[in-house]
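Chemist: Here you go, data_23.csv (CSV, N, CA and C atoms and all ligand atoms):
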chain,number,residue,atom,x,y,z
A,1324,MET,N,37.8,86.1,55.7
A,1324,MET,CA,36.9,87.1,56.3
A,1324,MET,C,37.6,87.7,57.6
A,1325,ASP,N,37.7,89.0,57.6
A,1325,ASP,CA,38.3,89.7,58.8
A,1325,ASP,C,37.2,90.0,59.8
A,1326,ILE,N,37.6,90.0,61.1
A,1326,ILE,CA,36.7,90.3,62.2
A,1326,ILE,C,37.3,91.3,63.1
A,1327,VAL,N,36.5,92.3,63.4
A,1327,VAL,CA,36.8,93.2,64.6
A,1327,VAL,C,35.9,92.8,65.7
A,1328,PHE,N,36.4,92.6,66.9
A,1328,PHE,CA,35.5,92.1,67.9
A,1328,PHE,C,35.5,93.0,69.2
A,1329,ILE,N,34.5,92.8,70.0
A,1329,ILE,CA,34.4,93.4,71.3
A,1329,ILE,C,34.0,92.3,72.3
A,1330,SER,N,34.8,92.1,73.3
A,1330,SER,CA,34.5,91.0,74.2
A,1330,SER,C,34.1,91.5,75.6
A,1331,ASP,N,33.1,90.9,76.1
A,1331,ASP,CA,32.6,91.1,77.5
A,1331,ASP,C,32.5,92.6,77.9
A,1332,LEU,N,31.7,93.2,77.0
A,1332,LEU,CA,31.3,94.6,77.3
A,1332,LEU,C,30.1,94.7,78.3
A,1333,ASP,N,30.4,95.0,79.5
A,1333,ASP,CA,29.3,95.0,80.5
A,1333,ASP,C,28.6,96.4,80.6
A,1334,ILE,N,27.3,96.4,80.5
A,1334,ILE,CA,26.5,97.6,80.6
A,1334,ILE,C,25.3,97.4,81.5
A,1335,GLU,N,25.1,98.4,82.3
A,1335,GLU,CA,23.9,98.4,83.2
A,1335,GLU,C,22.7,99.0,82.6
A,1336,THR,N,21.6,98.3,82.7
A,1336,THR,CA,20.4,98.8,82.1
A,1336,THR,C,19.1,98.2,82.8
A,1337,VAL,N,18.0,98.8,82.4
A,1337,VAL,CA,16.7,98.2,82.8
A,1337,VAL,C,16.3,97.2,81.8
A,1338,ILE,N,16.1,95.9,82.2
A,1338,ILE,CA,15.8,94.9,81.3
A,1338,ILE,C,15.1,93.8,82.0
A,1339,GLY,N,14.0,93.3,81.5
A,1339,GLY,CA,13.2,92.2,82.1
A,1339,GLY,C,11.7,92.3,82.0
A,1340,ILE,N,11.1,91.2,82.2
A,1340,ILE,CA,9.6,91.2,82.0
A,1340,ILE,C,8.8,91.2,83.3
A,1341,PHE,N,9.5,91.1,84.4
A,1341,PHE,CA,8.8,91.1,85.7
A,1341,PHE,C,8.8,92.5,86.3
A,1342,ASP,N,7.8,92.8,87.2
A,1342,ASP,CA,7.6,94.1,87.8
A,1342,ASP,C,8.9,94.5,88.5
A,1343,TRP,N,9.5,93.6,89.3
A,1343,TRP,CA,10.7,93.9,90.1
A,1343,TRP,C,11.8,94.3,89.2
A,1344,GLU,N,11.9,93.7,88.0
A,1344,GLU,CA,13.0,94.1,87.1
A,1344,GLU,C,12.9,95.5,86.5
A,1345,ARG,N,11.7,96.0,86.6
A,1345,ARG,CA,11.5,97.4,86.1
A,1345,ARG,C,12.0,98.4,87.1
A,1346,GLU,N,12.3,98.0,88.3
A,1346,GLU,CA,12.7,98.9,89.4
A,1346,GLU,C,14.2,98.9,89.6
A,1347,ILE,N,14.9,98.1,88.9
A,1347,ILE,CA,16.4,98.0,89.2
A,1347,ILE,C,17.1,98.0,87.8
A,1348,ARG,N,18.5,98.2,88.0
A,1348,ARG,CA,19.3,98.1,86.8
A,1348,ARG,C,20.1,96.8,86.9
A,1349,GLN,N,20.2,96.1,85.8
A,1349,GLN,CA,20.9,94.8,85.8
A,1349,GLN,C,22.0,94.9,84.7
A,1350,THR,N,23.0,94.0,84.8
A,1350,THR,CA,24.1,94.0,83.9
A,1350,THR,C,23.7,93.1,82.7
A,1351,VAL,N,24.0,93.6,81.5
A,1351,VAL,CA,24.0,92.8,80.3
A,1351,VAL,C,25.4,92.8,79.7
A,1352,ARG,N,25.8,91.7,79.2
A,1352,ARG,CA,27.2,91.5,78.6
A,1352,ARG,C,27.1,91.3,77.1
A,1353,LEU,N,27.8,92.1,76.4
A,1353,LEU,CA,27.8,92.0,74.9
A,1353,LEU,C,29.1,91.4,74.5
A,1354,ASN,N,29.0,90.4,73.6
A,1354,ASN,CA,30.2,89.9,72.8
A,1354,ASN,C,29.8,90.0,71.3
A,1355,ILE,N,30.6,90.8,70.6
A,1355,ILE,CA,30.3,91.1,69.2
A,1355,ILE,C,31.4,90.8,68.3
A,1356,GLU,N,31.1,90.1,67.2
A,1356,GLU,CA,32.1,89.9,66.1
A,1356,GLU,C,31.6,90.6,64.9
A,1357,MET,N,32.4,91.5,64.3
A,1357,MET,CA,31.9,92.3,63.1
A,1357,MET,C,32.8,92.1,61.9
A,1358,ASN,N,32.2,91.7,60.8
A,1358,ASN,CA,33.0,91.5,59.6
A,1358,ASN,C,33.4,92.8,59.0
A,1359,THR,N,34.7,93.0,58.7
A,1359,THR,CA,35.2,94.2,58.0
A,1359,THR,C,36.5,93.8,57.4
A,1360,ASP,N,36.8,94.5,56.3
A,1360,ASP,CA,38.1,94.2,55.6
A,1360,ASP,C,39.2,95.1,56.3
A,1361,VAL,N,40.1,94.5,56.9
A,1361,VAL,CA,41.1,95.3,57.7
A,1361,VAL,C,42.3,95.7,56.8
A,1362,ARG,N,42.4,95.2,55.6
A,1362,ARG,CA,43.6,95.4,54.8
A,1362,ARG,C,44.0,96.9,54.6
A,1363,ARG,N,42.9,97.7,54.3
A,1363,ARG,CA,43.2,99.1,54.0
A,1363,ARG,C,43.8,99.8,55.3
A,1364,ALA,N,43.2,99.5,56.4
A,1364,ALA,CA,43.7,100.1,57.7
A,1364,ALA,C,45.1,99.6,58.0
A,1365,ALA,N,45.4,98.4,57.7
A,1365,ALA,CA,46.7,97.8,57.9
A,1365,ALA,C,47.7,98.5,57.0
A,1366,GLN,N,47.3,98.9,55.8
A,1366,GLN,CA,48.2,99.5,54.8
A,1366,GLN,C,48.5,101.0,55.2
A,1367,THR,N,47.4,101.7,55.6
A,1367,THR,CA,47.6,103.1,55.9
A,1367,THR,C,48.0,103.4,57.3
A,1368,ASP,N,47.6,102.5,58.2
A,1368,ASP,CA,47.8,102.7,59.7
A,1368,ASP,C,47.0,103.9,60.2
A,1369,ARG,N,45.9,104.1,59.6
A,1369,ARG,CA,45.0,105.3,60.0
A,1369,ARG,C,43.7,104.8,60.5
A,1370,ILE,N,43.3,105.3,61.7
A,1370,ILE,CA,42.0,104.9,62.3
A,1370,ILE,C,40.8,105.2,61.4
A,1371,GLU,N,41.0,106.2,60.6
A,1371,GLU,CA,39.9,106.6,59.7
A,1371,GLU,C,39.6,105.5,58.7
A,1372,ASP,N,40.5,104.6,58.5
A,1372,ASP,CA,40.3,103.5,57.5
A,1372,ASP,C,40.0,102.2,58.3
A,1373,ALA,N,39.8,102.3,59.6
A,1373,ALA,CA,39.5,101.1,60.4
A,1373,ALA,C,38.1,101.1,60.9
A,1374,LEU,N,37.6,100.0,61.2
A,1374,LEU,CA,36.3,99.9,62.0
A,1374,LEU,C,36.7,100.2,63.4
A,1375,ASP,N,36.3,101.3,63.9
A,1375,ASP,CA,36.8,101.8,65.3
A,1375,ASP,C,36.0,101.1,66.4
A,1376,TYR,N,36.6,100.1,67.0
A,1376,TYR,CA,35.8,99.3,68.0
A,1376,TYR,C,35.4,100.2,69.2
A,1377,LYS,N,36.2,101.3,69.5
A,1377,LYS,CA,35.9,102.2,70.6
A,1377,LYS,C,34.6,103.0,70.2
A,1378,SER,N,34.5,103.4,69.0
A,1378,SER,CA,33.3,104.1,68.6
A,1378,SER,C,32.1,103.3,68.7
A,1379,VAL,N,32.2,102.0,68.2
A,1379,VAL,CA,31.1,101.1,68.3
A,1379,VAL,C,30.7,100.9,69.8
A,1380,ALA,N,31.7,100.6,70.6
A,1380,ALA,CA,31.4,100.4,72.0
A,1380,ALA,C,30.7,101.6,72.7
A,1381,LYS,N,31.2,102.8,72.4
A,1381,LYS,CA,30.6,104.0,73.0
A,1381,LYS,C,29.2,104.2,72.6
A,1382,ARG,N,28.9,103.9,71.3
A,1382,ARG,CA,27.6,104.1,70.8
A,1382,ARG,C,26.6,103.1,71.4
A,1383,LEU,N,27.1,101.8,71.6
A,1383,LEU,CA,26.2,100.8,72.2
A,1383,LEU,C,26.0,101.1,73.7
A,1384,ILE,N,27.1,101.5,74.4
A,1384,ILE,CA,26.9,101.9,75.8
A,1384,ILE,C,25.9,102.9,76.0
A,1385,GLY,N,25.9,104.0,75.2
A,1385,GLY,CA,25.0,105.1,75.3
A,1385,GLY,C,23.5,104.6,75.1
A,1386,PHE,N,23.4,103.7,74.0
A,1386,PHE,CA,22.1,103.2,73.7
A,1386,PHE,C,21.5,102.3,74.8
A,1387,VAL,N,22.3,101.3,75.2
A,1387,VAL,CA,21.8,100.3,76.1
A,1387,VAL,C,21.6,100.9,77.5
A,1388,GLU,N,22.4,101.9,77.9
A,1388,GLU,CA,22.2,102.5,79.2
A,1388,GLU,C,20.8,103.2,79.4
A,1389,GLN,N,20.4,103.8,78.3
A,1389,GLN,CA,19.1,104.5,78.3
A,1389,GLN,C,17.9,103.7,77.9
A,1390,SER,N,18.1,102.4,77.5
A,1390,SER,CA,17.0,101.6,77.0
A,1390,SER,C,16.3,101.0,78.2
A,1391,GLU,N,15.1,100.5,77.9
A,1391,GLU,CA,14.2,99.9,79.0
A,1391,GLU,C,13.4,98.8,78.4
A,1392,PHE,N,14.0,97.8,77.6
A,1392,PHE,CA,13.3,96.8,77.0
A,1392,PHE,C,12.9,95.7,78.0
A,1393,GLY,N,11.9,94.9,77.6
A,1393,GLY,CA,11.6,93.7,78.4
A,1393,GLY,C,12.4,92.5,78.1
A,1394,LEU,N,12.5,92.2,76.8
A,1394,LEU,CA,13.2,91.0,76.4
A,1394,LEU,C,14.6,91.3,75.9
A,1395,VAL,N,15.5,90.3,76.1
A,1395,VAL,CA,16.9,90.4,75.6
A,1395,VAL,C,16.9,90.3,74.1
A,1396,GLU,N,15.9,89.7,73.5
A,1396,GLU,CA,15.7,89.6,72.1
A,1396,GLU,C,15.7,91.0,71.5
A,1397,THR,N,14.8,91.8,72.1
A,1397,THR,CA,14.6,93.2,71.5
A,1397,THR,C,15.9,94.0,71.6
A,1398,LEU,N,16.5,93.9,72.7
A,1398,LEU,CA,17.7,94.7,72.9
A,1398,LEU,C,18.8,94.3,72.0
A,1399,ALA,N,19.0,93.0,71.8
A,1399,ALA,CA,20.0,92.4,70.9
A,1399,ALA,C,19.7,92.9,69.5
A,1400,GLU,N,18.5,92.8,69.1
A,1400,GLU,CA,18.1,93.2,67.7
A,1400,GLU,C,18.4,94.6,67.4
A,1401,ARG,N,18.1,95.5,68.4
A,1401,ARG,CA,18.3,96.9,68.2
A,1401,ARG,C,19.8,97.2,68.1
A,1402,CYS,N,20.6,96.6,68.9
A,1402,CYS,CA,22.0,96.8,68.9
A,1402,CYS,C,22.6,96.4,67.5
A,1403,ALA,N,22.1,95.2,67.0
A,1403,ALA,CA,22.6,94.8,65.7
A,1403,ALA,C,22.2,95.8,64.6
A,1404,GLU,N,21.0,96.3,64.7
A,1404,GLU,CA,20.5,97.3,63.7
A,1404,GLU,C,21.4,98.5,63.7
A,1405,ILE,N,21.8,99.0,64.9
A,1405,ILE,CA,22.6,100.2,65.0
A,1405,ILE,C,24.0,100.0,64.4
A,1406,ILE,N,24.6,98.8,64.7
A,1406,ILE,CA,25.9,98.6,64.1
A,1406,ILE,C,25.8,98.5,62.6
A,1407,LEU,N,24.8,97.8,62.0
A,1407,LEU,CA,24.8,97.6,60.6
A,1407,LEU,C,24.4,98.9,59.9
A,1408,GLU,N,23.6,99.8,60.5
A,1408,GLU,CA,23.2,101.0,59.9
A,1408,GLU,C,24.3,102.1,60.0
A,1409,GLU,N,25.0,102.1,61.1
A,1409,GLU,CA,25.9,103.3,61.4
A,1409,GLU,C,27.4,103.0,61.2
A,1410,PHE,N,27.8,101.8,61.0
A,1410,PHE,CA,29.2,101.5,60.8
A,1410,PHE,C,29.4,100.6,59.6
A,1411,PRO,N,30.6,100.6,59.1
A,1411,PRO,CA,30.9,99.8,57.9
A,1411,PRO,C,31.1,98.4,58.2
A,1412,VAL,N,30.0,97.8,58.5
A,1412,VAL,CA,29.9,96.3,58.9
A,1412,VAL,C,28.9,95.7,58.0
A,1413,GLU,N,29.2,94.5,57.4
A,1413,GLU,CA,28.3,93.8,56.5
A,1413,GLU,C,27.6,92.7,57.2
A,1414,TRP,N,28.3,92.1,58.2
A,1414,TRP,CA,27.7,91.0,58.9
A,1414,TRP,C,28.2,91.0,60.3
A,1415,LEU,N,27.4,90.5,61.2
A,1415,LEU,CA,27.9,90.5,62.6
A,1415,LEU,C,27.2,89.3,63.4
A,1416,ARG,N,27.9,88.9,64.4
A,1416,ARG,CA,27.4,87.9,65.4
A,1416,ARG,C,27.4,88.6,66.7
A,1417,LEU,N,26.3,88.6,67.3
A,1417,LEU,CA,26.1,89.4,68.6
A,1417,LEU,C,25.5,88.4,69.7
A,1418,LYS,N,26.3,88.3,70.8
A,1418,LYS,CA,25.8,87.5,71.9
A,1418,LYS,C,25.5,88.5,73.0
A,1419,LEU,N,24.3,88.4,73.6
A,1419,LEU,CA,23.9,89.2,74.7
A,1419,LEU,C,23.6,88.3,75.9
A,1420,ASP,N,24.4,88.4,76.9
A,1420,ASP,CA,24.2,87.6,78.1
A,1420,ASP,C,23.5,88.5,79.2
A,1421,LYS,N,22.7,87.8,80.0
A,1421,LYS,CA,22.1,88.4,81.2
A,1421,LYS,C,22.6,87.5,82.4
A,1422,PRO,N,23.8,87.8,82.9
A,1422,PRO,CA,24.4,86.9,83.9
A,1422,PRO,C,23.6,86.9,85.2
A,1423,GLY,N,23.4,85.7,85.7
A,1423,GLY,CA,22.7,85.7,87.0
A,1423,GLY,C,21.2,85.8,86.9
A,1424,ALA,N,20.6,85.8,85.7
A,1424,ALA,CA,19.2,86.0,85.6
A,1424,ALA,C,18.4,84.7,86.0
A,1425,VAL,N,19.1,83.5,85.9
A,1425,VAL,CA,18.5,82.3,86.2
A,1425,VAL,C,19.3,81.6,87.3
A,1426,ARG,N,18.7,81.4,88.5
A,1426,ARG,CA,19.5,80.8,89.6
A,1426,ARG,C,20.0,79.4,89.2
A,1427,GLY,N,21.3,79.2,89.5
A,1427,GLY,CA,21.9,77.9,89.1
A,1427,GLY,C,22.7,78.0,87.8
A,1428,SER,N,22.4,79.0,87.0
A,1428,SER,CA,23.1,79.1,85.7
A,1428,SER,C,24.1,80.3,85.8
A,1429,ARG,N,25.2,80.2,85.1
A,1429,ARG,CA,26.1,81.3,85.1
A,1429,ARG,C,25.6,82.4,84.3
A,1430,SER,N,24.9,82.1,83.2
A,1430,SER,CA,24.3,83.1,82.3
A,1430,SER,C,23.2,82.5,81.4
A,1431,VAL,N,22.4,83.4,80.9
A,1431,VAL,CA,21.4,83.1,79.9
A,1431,VAL,C,21.5,84.2,78.9
A,1432,GLY,N,20.8,84.1,77.7
A,1432,GLY,CA,20.8,85.1,76.8
A,1432,GLY,C,20.5,84.7,75.4
A,1433,ILE,N,21.1,85.4,74.4
A,1433,ILE,CA,20.7,85.2,73.0
A,1433,ILE,C,21.9,85.4,72.1
A,1434,LEU,N,22.0,84.7,71.1
A,1434,LEU,CA,23.0,84.8,70.1
A,1434,LEU,C,22.4,85.0,68.7
A,1435,ILE,N,22.7,86.1,68.0
A,1435,ILE,CA,22.1,86.3,66.7
A,1435,ILE,C,23.2,86.6,65.7
A,1436,GLU,N,22.9,86.3,64.4
A,1436,GLU,CA,23.8,86.7,63.3
A,1436,GLU,C,22.9,87.6,62.4
A,1437,ARG,N,23.4,88.7,62.0
A,1437,ARG,CA,22.6,89.6,61.1
A,1437,ARG,C,23.5,90.1,60.0
A,1438,GLY,N,22.9,90.5,58.8
A,1438,GLY,CA,23.7,91.0,57.7
A,1438,GLY,C,24.0,89.9,56.7
A,1439,ARG,N,24.8,90.3,55.7
A,1439,ARG,CA,25.2,89.4,54.7
A,1439,ARG,C,26.6,88.9,54.9
A,1440,LYS,N,26.7,87.6,55.1
A,1440,LYS,CA,28.0,87.0,55.4
A,1440,LYS,C,28.8,86.9,54.1
A,1441,PRO,N,30.0,87.4,54.0
A,1441,PRO,CA,30.8,87.3,52.8
A,1441,PRO,C,31.0,85.9,52.3
A,1442,GLY,N,30.8,85.7,51.1
A,1442,GLY,CA,31.0,84.3,50.5
A,1442,GLY,C,29.8,83.4,50.6
A,1443,ALA,N,28.7,83.9,51.3
A,1443,ALA,CA,27.5,83.1,51.5
A,1443,ALA,C,26.5,83.3,50.4
A,1501,LIG,N1,13.8,84.2,75.6
A,1501,LIG,C1,13.7,85.0,76.8
A,1501,LIG,N2,13.3,84.4,77.9
A,1501,LIG,C2,13.2,85.1,79.0
A,1501,LIG,C3,13.5,86.5,79.0
A,1501,LIG,C4,13.9,87.1,77.8
A,1501,LIG,O1,14.3,88.3,77.7
A,1501,LIG,N3,14.0,86.3,76.7
A,1501,LIG,N4,13.4,87.2,80.2
A,1501,LIG,C5,13.1,86.6,81.3
A,1501,LIG,C6,13.1,87.4,82.6
A,1501,LIG,O2,13.2,88.8,82.4
A,1501,LIG,C7,14.3,86.9,83.4
A,1501,LIG,O3,15.5,87.3,82.9
A,1501,LIG,C8,14.2,87.3,84.9
A,1501,LIG,O4,15.0,86.4,85.6
A,1501,LIG,C9,12.6,85.2,81.4
A,1501,LIG,N5,12.8,84.5,80.2
Would you mind writing the file's structure down as structure tokens?
Ligand SMILES: Nc1nc2c(c(=O)[nH]1)N=C([C@H](O)[C@@H](O)CO)CN2

Modeler:
Amino acid sequence: MDIVFISDLDIETVIGIFDWEREIRQTVRLNIEMNTDVRRAAQTDRIEDALDYKSVAKRLIGFVEQSEFGLVETLAERCAEIILEEFPVEWLRLKLDKPGAVRGSRSVGILIERGRKPGA
């Protein structure tokens, strides 16, 4: 199984369930692994045959920056839906961190897997 990944993509957004959180922007950090077959792109050396990680990142930055969800669950789920619907990805693992949200912890967040895993 081949993976195209995006690591530590930091995006500022409105996120949180408390009143004070609706008044500020906080950082969420995305780590994404996307299943795709890289062999065609490796053969042709053409970006058109690749899963373009820059296109995925730009799409998610635009979406997350304008979103205003309460829960990290909702934001992670919507990001996963966008990737599966708009890009040639069959399965993904997406981790969404909200660093500094809980005092004493480095980070909190959610890890989800969506789509059909090859061979499963
Ligand atoms: N499972 C979750 N628990 C909590 C969330 C969340 O989005 N999912 N959010 C909060 C608050 O917004 C918190 O991040 C503020 O510090 C609490 N628990």

Chemist: So, with all atoms listed in the file as the atoms that count, which of A:Leu1374, A:Leu1415, A:Ile1338, A:Ala1365 lies closest to ligand LIG 1501 (chain A)?

Modeler: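 Counting all atoms listed in the file, the residue closest to ligand LIG 1501 (chain A) is A:Ile1338.
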
Chemist: Restricting the calculation to only N, CA and C atoms: of A:Val1361, A:Leu1383, A:Val1395, A:Ala1373, which residue gets closest to A:Asp1325?

Modeler: A:Val1361

Chemist: Give me, as a PDB file with N, CA and C atoms, keeping the file's coordinate frame, all polymer residues having an atom no more than 6 Å from A:Thr1336, counting only C-alpha atoms and skipping those fewer than 2 positions away in the same chain.

Modeler:
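Below is the file that was written, part_9.pdb:
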ATOM      1  N   ARG A1348      18.500  98.200  88.000  1.00  0.00           N
ATOM      2  CA  ARG A1348      19.300  98.100  86.800  1.00  0.00           C
ATOM      3  C   ARG A1348      20.100  96.800  86.900  1.00  0.00           C
ATOM      4  N   GLN A1349      20.200  96.100  85.800  1.00  0.00           N
ATOM      5  CA  GLN A1349      20.900  94.800  85.800  1.00  0.00           C
ATOM      6  C   GLN A1349      22.000  94.900  84.700  1.00  0.00           C
ATOM      7  N   GLU A1388      22.400 101.900  77.900  1.00  0.00           N
ATOM      8  CA  GLU A1388      22.200 102.500  79.200  1.00  0.00           C
ATOM      9  C   GLU A1388      20.800 103.200  79.400  1.00  0.00           C
TER      10      GLU A1388
END

Chemist: List all protein, DNA and RNA residues that have an atom no more than 7 Å from any atom of ligand LIG 1501 (chain A), counting all atoms listed in the file, and report them as a list in words.

Modeler: Ile1338, Gly1339, Ile1340, Phe1341, Gly1393, Leu1394, Val1395, Glu1396, Thr1397, Lys1421, Gly1423, Ala1424, Val1425, Arg1426 and Gly1432 of chain A

Chemist: Write out as a count of residues only which residues come within 5 Å of A:Val1431 when counting all atoms listed in the file, dropping same-chain ones fewer than 2 positions away.

Modeler: 4

Chemist: Which residue is closest to A:Ile1334? Choose from A:Val1412, A:Tyr1376, A:Val1387, A:Lys1440 and count all atoms listed in the file.

Modeler: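 Of A:Val1412, A:Tyr1376, A:Val1387, A:Lys1440, the one nearest A:Ile1334 is A:Val1387, counting all atoms listed in the file.
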
Chemist: In Å, with one decimal, what is the gap from atom CA of A:Leu1407 to atom CA of A:Arg1437?

Modeler: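 We find that atom CA of A:Leu1407 and atom CA of A:Arg1437 lie 8.3 Å from each other.
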